[in-house]
Every structure is written in structure tokens, then in C-alpha cells.
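The structure under discussion appears below in the form of C-alpha cells.
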Amino acid sequence: MNPTYSPEADTFRARVVSFLRSALPADFPGLGRMTHDEMRDFTAQWRKQLYAEGFLAPGWPVAYGGGGLSALEQVILAEEFAKAGVPTGGPNDVFGIVMLGNTILQWGTEEQKKHYLPRILSGDDVWCQGYSEPNAGSDLGGLGLKATLDGDQWILNGQKIWTSAGHLADHIFTLARTDPDAPKHKGISFLLVDMRQSGIDVRPIKMISGESEFNEVFYTDAVCPKDSVVGGLNNGWAVAMTLLGYERGEGAATTPVRFQAEVDRLLMLAREHGVADDPRIRQRIAHAYSKVQIMRYLGLRTLTQFLNGHHPGPEGGIFKRYWSEYHQTVTELGVDILGASGMLLEGRMPGNAFQPDDRSAPNTSASWGGTFLNARAGTIYAGSSQIQSNIIGEMVLGLPKEPR
């Protein structure tokens, strides 16, 4: 099964290819061949080029600075960018554009759209996500961050944890309890908070890979304006579920492109280490290939739903659980192929702490070993596999709730 591309889609692909040829040097090596400092500088400049071309927020309406592209065109864009080895945005754009921007487009007031959306695109506001807490991770409804209205502003006290890229952000969209007497899912509001204040303290968390992509965020009498609520007071749970749907659903049609590139690198790794003919290795590579093809079909289903006007919902948990569990398996194969050399991480560490390394990255022990370590967290962050199973069972399959 393959998607059928219309002549209009082929014309758009030609436009993307032409843009890449003109915007990139002929000898562009791909992000995987850059140092982390080089990658940071390139990405900052590249983001400006995407903004100017209308490719930074490709699915947003043109009226709000987006590209106005269809779901199929967004997949084509992701495919060609992956082939060229370039990012689709900056490190925090998944939070600002994919999550918050789409959520404001659906739930925000016109004033919020006019204020926040241009600042997200320009990079004036860099966002992160404030959801999980020490005692409310997978059980997000149990969150305790308190927001108390005092005149024309909210006063926030409490803590968030596992805040991805929080050290790079200056704003945080956060869930807070605004009605402590309401049932736990009913008294939550979705607030937009400026982190550039004395009441916000960000503390990096050291991960097993040695990186610090995750953070703790402490709120001590932090403030945000009364009108910074998105989606209505005490309606934050519905808004949060919309945002999680965008987080898990929108990437379903494009993420398989990165995982297919990783399988291609895996096969090269097996050849480089002389084990490509080992029947046990071949069997495991074939398994990885088949899993990515299934992932691709799941993505095509999501794409079809987008084309039919369906907003992402709880079924996004299927894809999240699938790729996160698969990625642990395939990276285990990577370090098994490396053998004893995989015990010492030499070379450039992965360019990101989530999902595969860049397709142009060399097959070093640091690339595969670092990705292996990062993949351990994949079944926990953005909703653990256990919670995803409950969501799928209850909200997609209609099964009874798990007994308490």
C-alpha cells in the first residue's frame, strides 16, 4: 500500500526540492556530520529561512503566518527534509508550533492568536511544556500546582518535572489547579506563563546519557495575567487532551521517515562490522524493517484521518506506544552489532535526546550507544506505555476501566 500523489502534490514536491537545492550548499553534509555547536548555529539560521518560505508552521493558516499546507503536503515536506538531512524547525518548535500553536488555533481567543502566534514563529517566545509533576506524572489528573486568582493575575505555587528543553525556553504552557474543590479533572486550567521572572526556577536533570534535556521547574509566587487562560477557566483538561493529540498524532505520518533512515543506517552498521550475513542479525534487521513498515501504515491511516478533517485524539496513544517500544528494541540491536566497542561511547553523541539520530550521522559507538540510552526513556515520557494501554483500552476500544 502506497499513497497516491496527485499532480498537484508532485508539483509541490518539486517546489520543496528546488527550495532545498537553492537554500543549501552543494556539499551540505547533513546535521549528523556537524558538531553540536555547528548544528545549533545552522538550525538558528535555517529556522529563519523556513519562516521566510512559509515552511516553519506548514499546517497553520496563512492568515496566522503558516504555510496553509494540506496534511499530504506536510508529509511530502517532511520526506524531502529527511532526505536532505535538515530539521523542520528549532529544538523547541515541537512545543511552540506543533503543540501550543495548534492548540491556540483551536481553543484560543482571537486576541491570543494575534498576540502569541506571530511571536512563536518569530522566535520572540520560546516555549516548553509544564505538565508532569513528581506526584502526577502518568496520572496527570492528579496534578497539584496551585493557581490562585489575585486581582488581575494568577499566583502559581508548586513544581513541574521532566520538562523537556525547559532550559532553552522563556515561556511555559502549564496545567494548574484553579479550583481545588472540584473533581480532579474538572478544576484544572491551561495557563501561559512567562518564565523570565524571579518566581520561576529551572533546574536541569542529568540523564543516563550524560545530557540534560529534562528539567525541574519550580513556581514560587510566580505570576501570569488573568487572561492567559486558554480554552476557558477550569477547562484545562479538555485543552490538554487536544494538545496531547497534536503531540502524538501530527507526527505519526512523518516520524516513520526518520525510523526508516535509522534502519538503513543499521544495515550499514551490520555490513561495517561484518555481521550482515549472520542469520541471527539478519532476522533481527528484518524484524526492524517490518516494524517500520507497520509504523508507516499507522502513519498513513493518521494521514487519511487528517485529510478527512479528523482532529487527533486518544488513538494517538497507539502510535506513541508503538514507536517508543520499537525504538528500544532496534537500538538494542545496534549496540549488539557494535559488540564490545559499544561499551565505550566514542565520537559525536546524538543530535537530539528523542527518537533516531540524524540519517547522516556516522555509525559510531556514541551515536548508537547514546541513542540506545535515550530510547530507555521513550516508554515513559509523553505518557508511559502502561497509561497508553489504559487510554487505548478505555477510550478507543471501549473496554471497562482497569480495576482499582
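Chain labels A, B, ... are given in the sequence in which chains occur in the C-alpha cells; within each chain residues are numbered consecutively from 1, and ligands are likewise numbered from 1 in the order shown.
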Find the nearest atom pair between each residue of region 72-163 of chain A and region 352-361 of chain A for residues within 12 Å, count only C-alpha atoms, give distances in Å to one decimal, sort rows by chain and ascending number, and present the table as a Markdown table.
```
| residue | atom | partner | partner_atom | distance |
| --- | --- | --- | --- | --- |
| A:Phe81 | CA | A:Arg359 | CA | 10.9 |
| A:Ala82 | CA | A:Arg359 | CA | 7.6 |
| A:Lys83 | CA | A:Arg359 | CA | 8.0 |
| A:Ala84 | CA | A:Ser360 | CA | 9.0 |
| A:Gly85 | CA | A:Arg359 | CA | 6.5 |
| A:Val86 | CA | A:Asp358 | CA | 8.7 |
| A:Pro87 | CA | A:Asp358 | CA | 9.3 |
| A:Gly90 | CA | A:Asn352 | CA | 11.3 |
| A:Pro91 | CA | A:Asn352 | CA | 8.5 |
| A:Asn92 | CA | A:Asn352 | CA | 11.4 |
| A:Val94 | CA | A:Phe354 | CA | 11.7 |
```
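Residues within 9 Å of region 144-159 of chain A, counting only C-alpha atoms and excluding same-chain residues fewer than 3 positions away, are Gly130, Ser132, Glu133, Pro134, Asn135, Ala136, Gly141, Leu175, Ala176, Arg177, Thr178, Asp179, Pro180, Ser189, Gly199, Glu216, Val217, Phe218, Tyr219, Thr220, Asp221, Ala222, Val223, Cys224, Pro225, Lys226, Asp227 and Ser228 of chain A.
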Identify, on the basis of only C-alpha atoms, every residue whose closest approach to Met343 (chain A) does not exceed 10 Å; exclude the query and any residue fewer than 3 positions from it along the same chain; express the result as a ChimeraX atom specification.
/A:335,338-340,346,365-366,369
Just the strand (DSSP E or B) stuff from region 205-342 of chain A, please, per backbone DSSP, written as a PyMOL selection string.
chain A and resi 205+214-225+229
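Residues in contact range of Arg284 (chain A), defined as at most 12 Å between only C-alpha atoms, with sequence neighbours fewer than 2 positions away removed, read Val263, Leu266, Leu267, Ala270, Val275, Ala276, Asp277, Asp278, Pro279, Arg280, Ile281, Arg282, Ala286, His287, Ala288, Tyr289, Ser290, Lys291, Tyr326, Thr329, Val330, Thr331, Glu332, Leu333, Gly334, Asp336 and Ile337 of chain A.
For the residues A:Leu168, A:Ile120, A:Ala377, A:Val17, ranking by smallest atom-to-atom distance to Gly66 (chain A) using only C-alpha atoms places A:Ile120 first.
Using only C-alpha atoms for every distance, the candidate list A:Leu269, A:Ile392, A:Val75, A:Leu399 yields A:Ile392 as the residue closest to Phe319 (chain A).
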Between CA of Gly347 (chain A) and CA of Thr254 (chain A), measure the distance and give it in Å to one decimal.
28.1 Å
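Compared by their closest atoms to Leu191 (chain A), and using only C-alpha atoms, the residues A:Leu244, A:Ala14, A:Leu140, A:Leu100 rank with A:Leu100 nearest.
What separates CA of Met34 (chain A) from CA of Ser367 (chain A) is a distance of 12.5 Å.
Proximity ranking of A:Thr242, A:Ser6, A:Gln45, A:Thr11 relative to Thr103 (chain A) places A:Thr242 first, based on only C-alpha atoms.
Shortest separation to Thr371 (chain A) among A:Asp37, A:Glu402, A:Glu8, A:Glu211 occurs at residue A:Glu211, atoms counted being only C-alpha atoms.
Once Val239 (chain A) and its same-chain neighbours fewer than 6 positions away are set aside, Met99, Leu100, Asn102, Thr103, Ile104, Leu105, Gln106, Trp107, Gly108, Phe173, Thr174, Leu175, His185, Lys186, Ile188, Ser189, Phe190, Leu191, Val229, Val230, Gly231, Gly232, Leu233, Gly245, Tyr246 and Gly313 of chain A remain within 12 Å of it when counting only C-alpha atoms.
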Could you save the residues just selected, with C-alpha atoms, as a PDB file, in the first residue's frame?
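Output file out.pdb follows:
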```pdb
ATOM      1  CA  MET A  99       1.628  21.637  20.383  1.00  0.00           C
ATOM      2  CA  LEU A 100       0.813  25.135  21.625  1.00  0.00           C
ATOM      3  CA  ASN A 102      -2.200  24.289  17.023  1.00  0.00           C
ATOM      4  CA  THR A 103      -3.950  24.305  20.401  1.00  0.00           C
ATOM      5  CA  ILE A 104      -4.317  28.098  20.398  1.00  0.00           C
ATOM      6  CA  LEU A 105      -5.676  27.912  16.857  1.00  0.00           C
ATOM      7  CA  GLN A 106      -8.360  25.544  18.115  1.00  0.00           C
ATOM      8  CA  TRP A 107      -9.071  26.906  21.611  1.00  0.00           C
ATOM      9  CA  GLY A 108      -7.608  30.408  21.849  1.00  0.00           C
ATOM     10  CA  PHE A 173       2.340  26.454  28.927  1.00  0.00           C
ATOM     11  CA  THR A 174       1.303  24.827  32.144  1.00  0.00           C
ATOM     12  CA  LEU A 175      -1.587  22.986  33.732  1.00  0.00           C
ATOM     13  CA  HIS A 185     -10.157  16.535  36.137  1.00  0.00           C
ATOM     14  CA  LYS A 186     -12.604  19.434  36.481  1.00  0.00           C
ATOM     15  CA  ILE A 188      -7.638  22.427  36.033  1.00  0.00           C
ATOM     16  CA  SER A 189      -6.820  25.379  33.771  1.00  0.00           C
ATOM     17  CA  PHE A 190      -4.349  25.782  30.904  1.00  0.00           C
ATOM     18  CA  LEU A 191      -2.152  28.832  31.578  1.00  0.00           C
ATOM     19  CA  VAL A 229      -6.092  31.081  30.351  1.00  0.00           C
ATOM     20  CA  VAL A 230      -6.587  29.148  27.082  1.00  0.00           C
ATOM     21  CA  GLY A 231      -9.904  27.403  26.487  1.00  0.00           C
ATOM     22  CA  GLY A 232     -11.770  28.760  29.488  1.00  0.00           C
ATOM     23  CA  LEU A 233     -11.406  28.585  33.252  1.00  0.00           C
ATOM     24  CA  GLY A 245      -3.452  14.682  20.423  1.00  0.00           C
ATOM     25  CA  TYR A 246      -1.394  17.082  18.316  1.00  0.00           C
ATOM     26  CA  GLY A 313      -7.471  12.212  19.666  1.00  0.00           C
TER      27      GLY A 313
END
```
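Nearest-residue note for Ser164 (chain A): choosing from A:Leu72, A:Ala26, A:Val193, A:Val202, the minimum distance belongs to A:Val202, counting only C-alpha atoms.
The interatomic distance for the pair CA of Gln74 (chain A) and CA of Ser384 (chain A) works out to 27.7 Å.
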